[in-house]
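K.L.:
Mind looking over this structure? Questions follow.
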Amino acid sequence: MSIGTNWARHYEYTATTLHEPRTVDELREIVAAAPRIRALGSRHSFNDLADSAELVSLEGLEPGIRVDEETETVSFSAGVRYGDLAEELQAQGWALRNMASLPHISVAGAVATSTHGSGDRNGTLARAVSGLELVTADGGLRTITPVDDEFDGAVVALGALGVVSRITLDIEPTYQLRQDVYTGLGWERLLDNYDAITSRAYSVSVFTDWSDDARTTVWLKSRLDERTPPGEVYGAKPLGESIGLAEGASDNTTQQGGVPGPWNERLPHFRMGFTPSNGDELQTEYLVPRRHAIAALRAVRALAERITPLLHITELRTMAADSLWLSGAYDTDATAIHFTWKNLPAEVLPLLPVIEAALEPFEARPHWGKLFHSVRRELYPRLGDFVELAHELDPTGKFRNPFLDRNVF
Ligand SMILES: Cc1cc2nc3c(=O)[nH]c(=O)nc-3n(C[C@H](O)[C@H](O)[C@H](O)COP(=O)(O)OP(=O)(O)OC[C@H]3O[C@@H](n4cnc5c(N)ncnc54)[C@H](O)[C@@H]3O)c2cc1C
């Protein structure tokens, strides 16, 4: 029997078994016994990345959230969702450096795909990882920390090396942010002042439908212990009230209008307990080296007539470089060009190779958890090392699936 669909409901997993262990020992036995198995997170990816004959969810394991004040780290069971982790950290006076647009996703699933938020000085969420406990193909338990040679390969691992059972993340003392939204940023002004705009706050997002200037907005998430936000952003005017990203919906977004609040209630765009984003959608995203950002944006904008009618919204974000082999920001600061599409796969999917052809000169890496046409393996200089590591940890290919065979192996 089918175990159901992904969050967006357009992909039905082919897996017929979903294991839900309650302890790590049970998890180890399940993994050791299965010929083909993969971990399933909170099902928010838009493709067949997670799928396998058997899947295992960690949602039944105790969260086991433990803060270590001395090392400024937190460790927890890998199936924990960001929203739950963030609430516990905030209650204890601690914080994460960054979060994605939604708190609903599992930490393991987000880290495995190099999910990111925004901020010129913030890395992807995987960059906060300072330790992993991995259940390997034979049911063994392996601890991997930054001193291990394979660490940079094992963090963004697409579930290909095993099932991550516990994660340790770096944390810092809690902080406050405010969120200010500005509307009507002109396209040429955006491109002429891109660096000044993306560096104007701790975390910056630009939303656009690629058409005219009126629909382009800037969201500044400013830490209260840093610069106060400007009166306007290159002609874009501040909005007093909260706006949503879906037509007519603002309930699901975290508070805007410059009202200060804790990091976990301002960094994500969407609130726990509400449907994030639009709900009836597909998503695609490309991470482009920062040095190519402006040329890449111009190339995509030249396709606006084809993109805009299929689009709910585009979001542009930035992130700092990391050293994680399969990360979209490997060895380069990056700009992420994201598309929330209408749920029209027959029209959206044929457009992806067109966008990828336009981005071809700009070394664009697709987001592993979203829809794309193809991966250019040469853009991952450590891919060969990753494949070697996977063969070493998983000699029989227990964690391989068609997605990995197409795109990685
Ligand atoms: C509404 C919405 C908003 C989004 N916003 C953002 C955003 O702001 N930024 C961004 O970068 N992305 C975003 N995404 C994409 C999302 O963050 C990724 O798809 C992420 O991987 C989802 O995590 P998940 O727990 O649902 O993983 P799943 O989709 O369940 O799994 C993804 C991968 O992680 C692996 N995995 C899961 N758990 C484990 C484990 N314990 N051990 C080993 N591997 C594991 C799976 O095997 C699979 O390969 C968004 C998605 C949605 C639906």
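Chain identifiers are assigned as A, B, and so on, following the order in which chains appear in the structure tokens; residues are numbered from 1 within each chain, and ligands are numbered from 1 in order of appearance.
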Listing only residues of chain A within 6 Å of ligand 1, what is the closest atom pair and its distance in Å (to one decimal) for each, using only C-alpha atoms and all ligand atoms, sorted by chain and residue number ascending, as JSON lines?
P.N.:
{"residue": "A:Arg38", "atom": "CA", "partner": "ligand 1", "partner_atom_place_in_ligand_line": "47 (O)", "distance": 5.3}
{"residue": "A:Ala39", "atom": "CA", "partner": "ligand 1", "partner_atom_place_in_ligand_line": "47 (O)", "distance": 4.3}
{"residue": "A:Leu40", "atom": "CA", "partner": "ligand 1", "partner_atom_place_in_ligand_line": "30 (O)", "distance": 4.4}
{"residue": "A:Gly41", "atom": "CA", "partner": "ligand 1", "partner_atom_place_in_ligand_line": "30 (O)", "distance": 3.2}
{"residue": "A:Ser42", "atom": "CA", "partner": "ligand 1", "partner_atom_place_in_ligand_line": "26 (O)", "distance": 3.6}
{"residue": "A:Arg43", "atom": "CA", "partner": "ligand 1", "partner_atom_place_in_ligand_line": "30 (O)", "distance": 3.5}
{"residue": "A:His44", "atom": "CA", "partner": "ligand 1", "partner_atom_place_in_ligand_line": "26 (O)", "distance": 3.4}
{"residue": "A:Ser45", "atom": "CA", "partner": "ligand 1", "partner_atom_place_in_ligand_line": "19 (O)", "distance": 3.3}
{"residue": "A:Leu49", "atom": "CA", "partner": "ligand 1", "partner_atom_place_in_ligand_line": "49 (O)", "distance": 4.9}
{"residue": "A:Ala50", "atom": "CA", "partner": "ligand 1", "partner_atom_place_in_ligand_line": "48 (C)", "distance": 3.7}
{"residue": "A:Ala78", "atom": "CA", "partner": "ligand 1", "partner_atom_place_in_ligand_line": "41 (N)", "distance": 5.2}
{"residue": "A:Gly79", "atom": "CA", "partner": "ligand 1", "partner_atom_place_in_ligand_line": "41 (N)", "distance": 5.8}
{"residue": "A:Ala100", "atom": "CA", "partner": "ligand 1", "partner_atom_place_in_ligand_line": "8 (O)", "distance": 3.9}
{"residue": "A:Ser101", "atom": "CA", "partner": "ligand 1", "partner_atom_place_in_ligand_line": "8 (O)", "distance": 3.6}
{"residue": "A:Leu102", "atom": "CA", "partner": "ligand 1", "partner_atom_place_in_ligand_line": "3 (C)", "distance": 5.6}
{"residue": "A:Ile105", "atom": "CA", "partner": "ligand 1", "partner_atom_place_in_ligand_line": "25 (O)", "distance": 4.6}
{"residue": "A:Ser106", "atom": "CA", "partner": "ligand 1", "partner_atom_place_in_ligand_line": "25 (O)", "distance": 3.8}
{"residue": "A:Ala108", "atom": "CA", "partner": "ligand 1", "partner_atom_place_in_ligand_line": "38 (N)", "distance": 4.5}
{"residue": "A:Gly109", "atom": "CA", "partner": "ligand 1", "partner_atom_place_in_ligand_line": "25 (O)", "distance": 3.5}
{"residue": "A:Ala110", "atom": "CA", "partner": "ligand 1", "partner_atom_place_in_ligand_line": "20 (C)", "distance": 4.0}
{"residue": "A:Ala112", "atom": "CA", "partner": "ligand 1", "partner_atom_place_in_ligand_line": "34 (O)", "distance": 4.8}
{"residue": "A:Thr113", "atom": "CA", "partner": "ligand 1", "partner_atom_place_in_ligand_line": "21 (O)", "distance": 4.9}
{"residue": "A:Thr115", "atom": "CA", "partner": "ligand 1", "partner_atom_place_in_ligand_line": "11 (O)", "distance": 3.2}
{"residue": "A:His116", "atom": "CA", "partner": "ligand 1", "partner_atom_place_in_ligand_line": "11 (O)", "distance": 3.9}
{"residue": "A:Gly117", "atom": "CA", "partner": "ligand 1", "partner_atom_place_in_ligand_line": "8 (O)", "distance": 5.4}
{"residue": "A:Leu158", "atom": "CA", "partner": "ligand 1", "partner_atom_place_in_ligand_line": "49 (O)", "distance": 4.2}
{"residue": "A:Gly159", "atom": "CA", "partner": "ligand 1", "partner_atom_place_in_ligand_line": "44 (N)", "distance": 3.5}
{"residue": "A:Gly162", "atom": "CA", "partner": "ligand 1", "partner_atom_place_in_ligand_line": "43 (C)", "distance": 5.8}
{"residue": "A:Val163", "atom": "CA", "partner": "ligand 1", "partner_atom_place_in_ligand_line": "42 (N)", "distance": 3.7}
{"residue": "A:Val164", "atom": "CA", "partner": "ligand 1", "partner_atom_place_in_ligand_line": "42 (N)", "distance": 3.7}
{"residue": "A:Ser165", "atom": "CA", "partner": "ligand 1", "partner_atom_place_in_ligand_line": "41 (N)", "distance": 5.6}
{"residue": "A:Pro276", "atom": "CA", "partner": "ligand 1", "partner_atom_place_in_ligand_line": "1 (C)", "distance": 5.1}
{"residue": "A:Ser277", "atom": "CA", "partner": "ligand 1", "partner_atom_place_in_ligand_line": "1 (C)", "distance": 4.9}
{"residue": "A:Gly369", "atom": "CA", "partner": "ligand 1", "partner_atom_place_in_ligand_line": "19 (O)", "distance": 3.9}
K.L.:
Just the residues within 10 Å of Val135 of chain A, please, counting only C-alpha atoms, with nothing from its chain fewer than 5 positions along; format it as a PyMOL selection string.
P.N.:
chain A and resi 24-25+27-29+31-32+140-143+161-166+393
K.L.:
Just list the residues in segment 145-356 of chain A DSSP gives helix (DSSP H, G or I) on the backbone, as an MDAnalysis selection string.
P.N.:
chainID A and resid 151:154 187:192 194:198 213:215 263:265 290:301 304:310 345:356
K.L.:
Would you put the residues from that selection into a file with C-alpha atoms, as a compact mmCIF listing (two decimals), in the first residue's frame?
P.N.:
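Result file is out-v7.txt:
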# COMPACT_ATOMS: atom_id res chain seq x y z
CA PHE A 151 32.82 15.56 7.63
CA ASP A 152 32.46 17.98 4.71
CA GLY A 153 31.03 15.16 2.61
CA ALA A 154 28.73 13.75 5.26
CA TRP A 187 14.32 46.37 -11.40
CA GLU A 188 17.21 48.52 -12.63
CA ARG A 189 17.68 49.95 -9.14
CA LEU A 190 17.76 46.43 -7.74
CA LEU A 191 20.41 45.33 -10.22
CA ASP A 192 22.47 48.52 -9.89
CA TYR A 194 22.27 44.58 -5.51
CA ASP A 195 25.20 44.31 -3.07
CA ALA A 196 24.09 47.35 -1.07
CA ILE A 197 20.55 45.94 -0.79
CA THR A 198 21.47 42.38 0.19
CA ASP A 213 8.63 47.15 -10.72
CA ALA A 214 5.44 47.54 -8.70
CA ARG A 215 5.38 43.89 -7.69
CA TRP A 263 14.74 35.37 16.27
CA ASN A 264 12.52 32.29 15.90
CA GLU A 265 9.44 34.44 15.25
CA ARG A 290 27.71 35.65 -6.24
CA ARG A 291 30.07 37.00 -8.93
CA HIS A 292 27.49 35.99 -11.57
CA ALA A 293 24.40 37.23 -9.72
CA ILE A 294 23.55 40.28 -11.83
CA ALA A 295 24.18 38.61 -15.21
CA ALA A 296 22.18 35.57 -14.11
CA LEU A 297 19.25 37.73 -12.98
CA ARG A 298 19.27 39.55 -16.31
CA ALA A 299 19.29 36.23 -18.18
CA VAL A 300 16.30 34.93 -16.25
CA ARG A 301 14.45 38.21 -16.60
CA ALA A 304 9.81 36.85 -17.94
CA GLU A 305 7.05 36.49 -20.53
CA ARG A 306 7.22 32.72 -20.14
CA ILE A 307 7.91 32.63 -16.40
CA THR A 308 5.47 35.16 -14.95
CA PRO A 309 2.20 33.50 -16.08
CA LEU A 310 3.22 30.23 -14.37
CA PRO A 345 3.60 20.50 -13.85
CA ALA A 346 2.80 20.02 -17.56
CA GLU A 347 3.73 23.65 -18.20
CA VAL A 348 6.37 24.22 -15.53
CA LEU A 349 8.56 21.14 -16.17
CA PRO A 350 9.27 21.95 -19.88
CA LEU A 351 10.33 25.47 -18.85
CA LEU A 352 13.07 24.23 -16.51
CA PRO A 353 15.55 23.21 -19.24
CA VAL A 354 14.95 26.62 -20.83
CA ILE A 355 15.82 28.42 -17.60
CA GLU A 356 18.82 26.11 -17.07
K.L.:
Which of these, A:Glu69, A:Asp225, A:Glu150, A:Glu281, has the shortest distance to Ser323 of chain A once you count only C-alpha atoms?
P.N.:
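Among A:Glu69, A:Asp225, A:Glu150, A:Glu281, it is A:Glu150 that comes nearest to Ser323 of chain A.
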K.L.:
List the neighbours of Asn47 of chain A out to 7 Å using only C-alpha atoms; skip same-chain residues closer than 4 positions along the sequence, and give me the result as a PyMOL selection string.
P.N.:
chain A and resi 11+369-371
K.L.:
Give me a file of those residues, with C-alpha atoms, as a PDB file, in the first residue's frame.
P.N.:
ATOM      1  CA  TYR A  11       4.608  13.244  -5.832  1.00  0.00           C
ATOM      2  CA  GLY A 369      15.032  19.222  -2.794  1.00  0.00           C
ATOM      3  CA  LYS A 370      13.196  21.088  -5.548  1.00  0.00           C
ATOM      4  CA  LEU A 371      12.297  20.463  -9.203  1.00  0.00           C
TER       5      LEU A 371
END
K.L.:
Of the residues A:Asp405, A:Ala336, A:Leu359, A:Thr183, which is the one nearest to Asp120 of chain A, using only C-alpha atoms?
P.N.:
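Closest to Asp120 of chain A of all the choices is A:Ala336.
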K.L.:
Here is a test: counting only C-alpha atoms, which residue of A:Pro402, A:Leu379, A:Val74, A:Gly139 is nearest to Ile30 of chain A?
P.N.:
A:Gly139
K.L.:
Env of Pro260 of chain A: 8 Å cut, atoms = only C-alpha atoms, seq-sep filter 3 positions within chain, self excluded. Answer as a PyMOL selection string.
P.N.:
chain A and resi 176-179+224
K.L.:
How about saving the chosen residues, N, CA and C atoms kept, as a PDB file, in the first residue's frame?
P.N.:
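Saved as selection.pdb:
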ATOM      1  N   GLN A 176      17.156  39.474  19.145  1.00  0.00           N
ATOM      2  CA  GLN A 176      15.874  39.970  18.639  1.00  0.00           C
ATOM      3  C   GLN A 176      16.059  40.538  17.231  1.00  0.00           C
ATOM      4  N   LEU A 177      14.993  40.455  16.465  1.00  0.00           N
ATOM      5  CA  LEU A 177      15.003  40.995  15.103  1.00  0.00           C
ATOM      6  C   LEU A 177      13.725  41.779  14.865  1.00  0.00           C
ATOM      7  N   ARG A 178      13.746  42.623  13.872  1.00  0.00           N
ATOM      8  CA  ARG A 178      12.522  43.224  13.341  1.00  0.00           C
ATOM      9  C   ARG A 178      12.481  42.952  11.840  1.00  0.00           C
ATOM     10  N   GLN A 179      11.253  42.936  11.329  1.00  0.00           N
ATOM     11  CA  GLN A 179      11.083  42.597   9.918  1.00  0.00           C
ATOM     12  C   GLN A 179      10.355  43.758   9.232  1.00  0.00           C
ATOM     13  N   LEU A 224      18.311  43.651  16.208  1.00  0.00           N
ATOM     14  CA  LEU A 224      18.213  44.899  16.974  1.00  0.00           C
ATOM     15  C   LEU A 224      19.580  45.354  17.452  1.00  0.00           C
TER      16      LEU A 224
END
K.L.:
To test your reading of the structure, identify every residue in segment 27-249 of chain A that backbone DSSP assigns to strand (DSSP E), and report it as number ranges by chain.
P.N.:
A: 37-40, 54-57, 66-68, 73-77, 94-95, 129-135, 141-144, 163-170, 172-173, 176-183, 203-208, 217-223, 237-239
K.L.:
As a list in words, please: the residues near Val147 of chain A (cut-off 12 Å, only C-alpha atoms, same-chain neighbours under 5 positions excluded).
P.N.:
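The residues that qualify are Ser130, Gly131, Leu132 and Asp152 of chain A.
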K.L.:
Could you name the residues that touch Leu404 of chain A at 9 Å or less, counting only C-alpha atoms, but leaving out those on the same chain fewer than 3 positions away, as an NGL selection string?
P.N.:
:A and (49 or 158 or 160 or 400-401 or 407-409)
K.L.:
Name all residues at most 10 Å from Asp84 of chain A (count only C-alpha atoms; drop same-chain ones fewer than 3 positions away) and give them as a PDB file with C-alpha atoms, in the first residue's frame.
P.N.:
ATOM      1  CA  PRO A  63      13.429  14.614  20.632  1.00  0.00           C
ATOM      2  CA  ILE A  65      17.103  18.186  22.875  1.00  0.00           C
ATOM      3  CA  VAL A  80      13.109  17.128  15.140  1.00  0.00           C
ATOM      4  CA  ARG A  81      11.556  20.016  13.221  1.00  0.00           C
ATOM      5  CA  GLU A  87      10.971  27.080  20.623  1.00  0.00           C
ATOM      6  CA  GLU A  88      13.024  25.007  23.077  1.00  0.00           C
ATOM      7  CA  LEU A  89      16.208  26.981  22.364  1.00  0.00           C
ATOM      8  CA  PRO A 103       9.895  26.111  10.529  1.00  0.00           C
ATOM      9  CA  HIS A 104       7.909  22.985   9.608  1.00  0.00           C
ATOM     10  CA  ILE A 105      10.818  21.045   8.046  1.00  0.00           C
ATOM     11  CA  SER A 106      12.925  18.419   9.826  1.00  0.00           C
ATOM     12  CA  MET A 272       4.247  27.068  12.635  1.00  0.00           C
TER      13      MET A 272
END
K.L.:
With only C-alpha atoms as the basis for distance, which of A:Arg365, A:His19, A:His312, A:His373 is at the shortest distance from Glu59 of chain A?
P.N.:
A:His19
K.L.:
Can you work out the spacing between atom CA of Glu392 of chain A and atom CA of Arg377 of chain A in Å, to one decimal?
P.N.:
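Between atom CA of Glu392 of chain A and atom CA of Arg377 of chain A the gap works out to 20.3 Å.
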K.L.:
Between A:Glu226, A:Glu232, A:Asp138, A:Asp180, which has the minimum distance to Thr254 of chain A (counting only C-alpha atoms)?
P.N.:
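Smallest distance to Thr254 of chain A is found for A:Asp180.
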K.L.:
Which residue out of A:Gln90, A:Gln283, A:Ser327, A:Ser211 has the minimum interatomic distance to Val155 of chain A when only C-alpha atoms are used?
P.N.:
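For Val155 of chain A, the nearest of the candidates is A:Ser327.
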K.L.:
Segment 169-188 of chain A near segment 233-242 of chain A within 6 Å: what's each residue's closest atom pair and its distance in Å to one decimal, counting only C-alpha atoms, ordered by chain then ascending residue number, as JSON lines?
P.N.:
{"residue": "A:Val181", "atom": "CA", "partner": "A:Leu239", "partner_atom": "CA", "distance": 5.6}
{"residue": "A:Tyr182", "atom": "CA", "partner": "A:Pro238", "partner_atom": "CA", "distance": 4.1}
{"residue": "A:Thr183", "atom": "CA", "partner": "A:Ala236", "partner_atom": "CA", "distance": 5.0}
{"residue": "A:Gly184", "atom": "CA", "partner": "A:Ala236", "partner_atom": "CA", "distance": 4.8}
{"residue": "A:Leu185", "atom": "CA", "partner": "A:Ala236", "partner_atom": "CA", "distance": 4.6}
K.L.:
Any chance you can output those residues with C-alpha atoms as a CSV table (one decimal), in the first residue's frame?
P.N.:
chain,number,residue,atom,x,y,z
A,181,VAL,CA,8.8,45.2,4.1
A,182,TYR,CA,9.3,47.7,1.3
A,183,THR,CA,7.3,47.8,-1.9
A,184,GLY,CA,8.0,49.1,-5.4
A,185,LEU,CA,11.7,48.4,-5.9
K.L.:
To one decimal in Å, tell me the separation between atom CA of Ile37 of chain A and atom CA of Leu125 of chain A.
P.N.:
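These atoms are spaced 25.1 Å apart.
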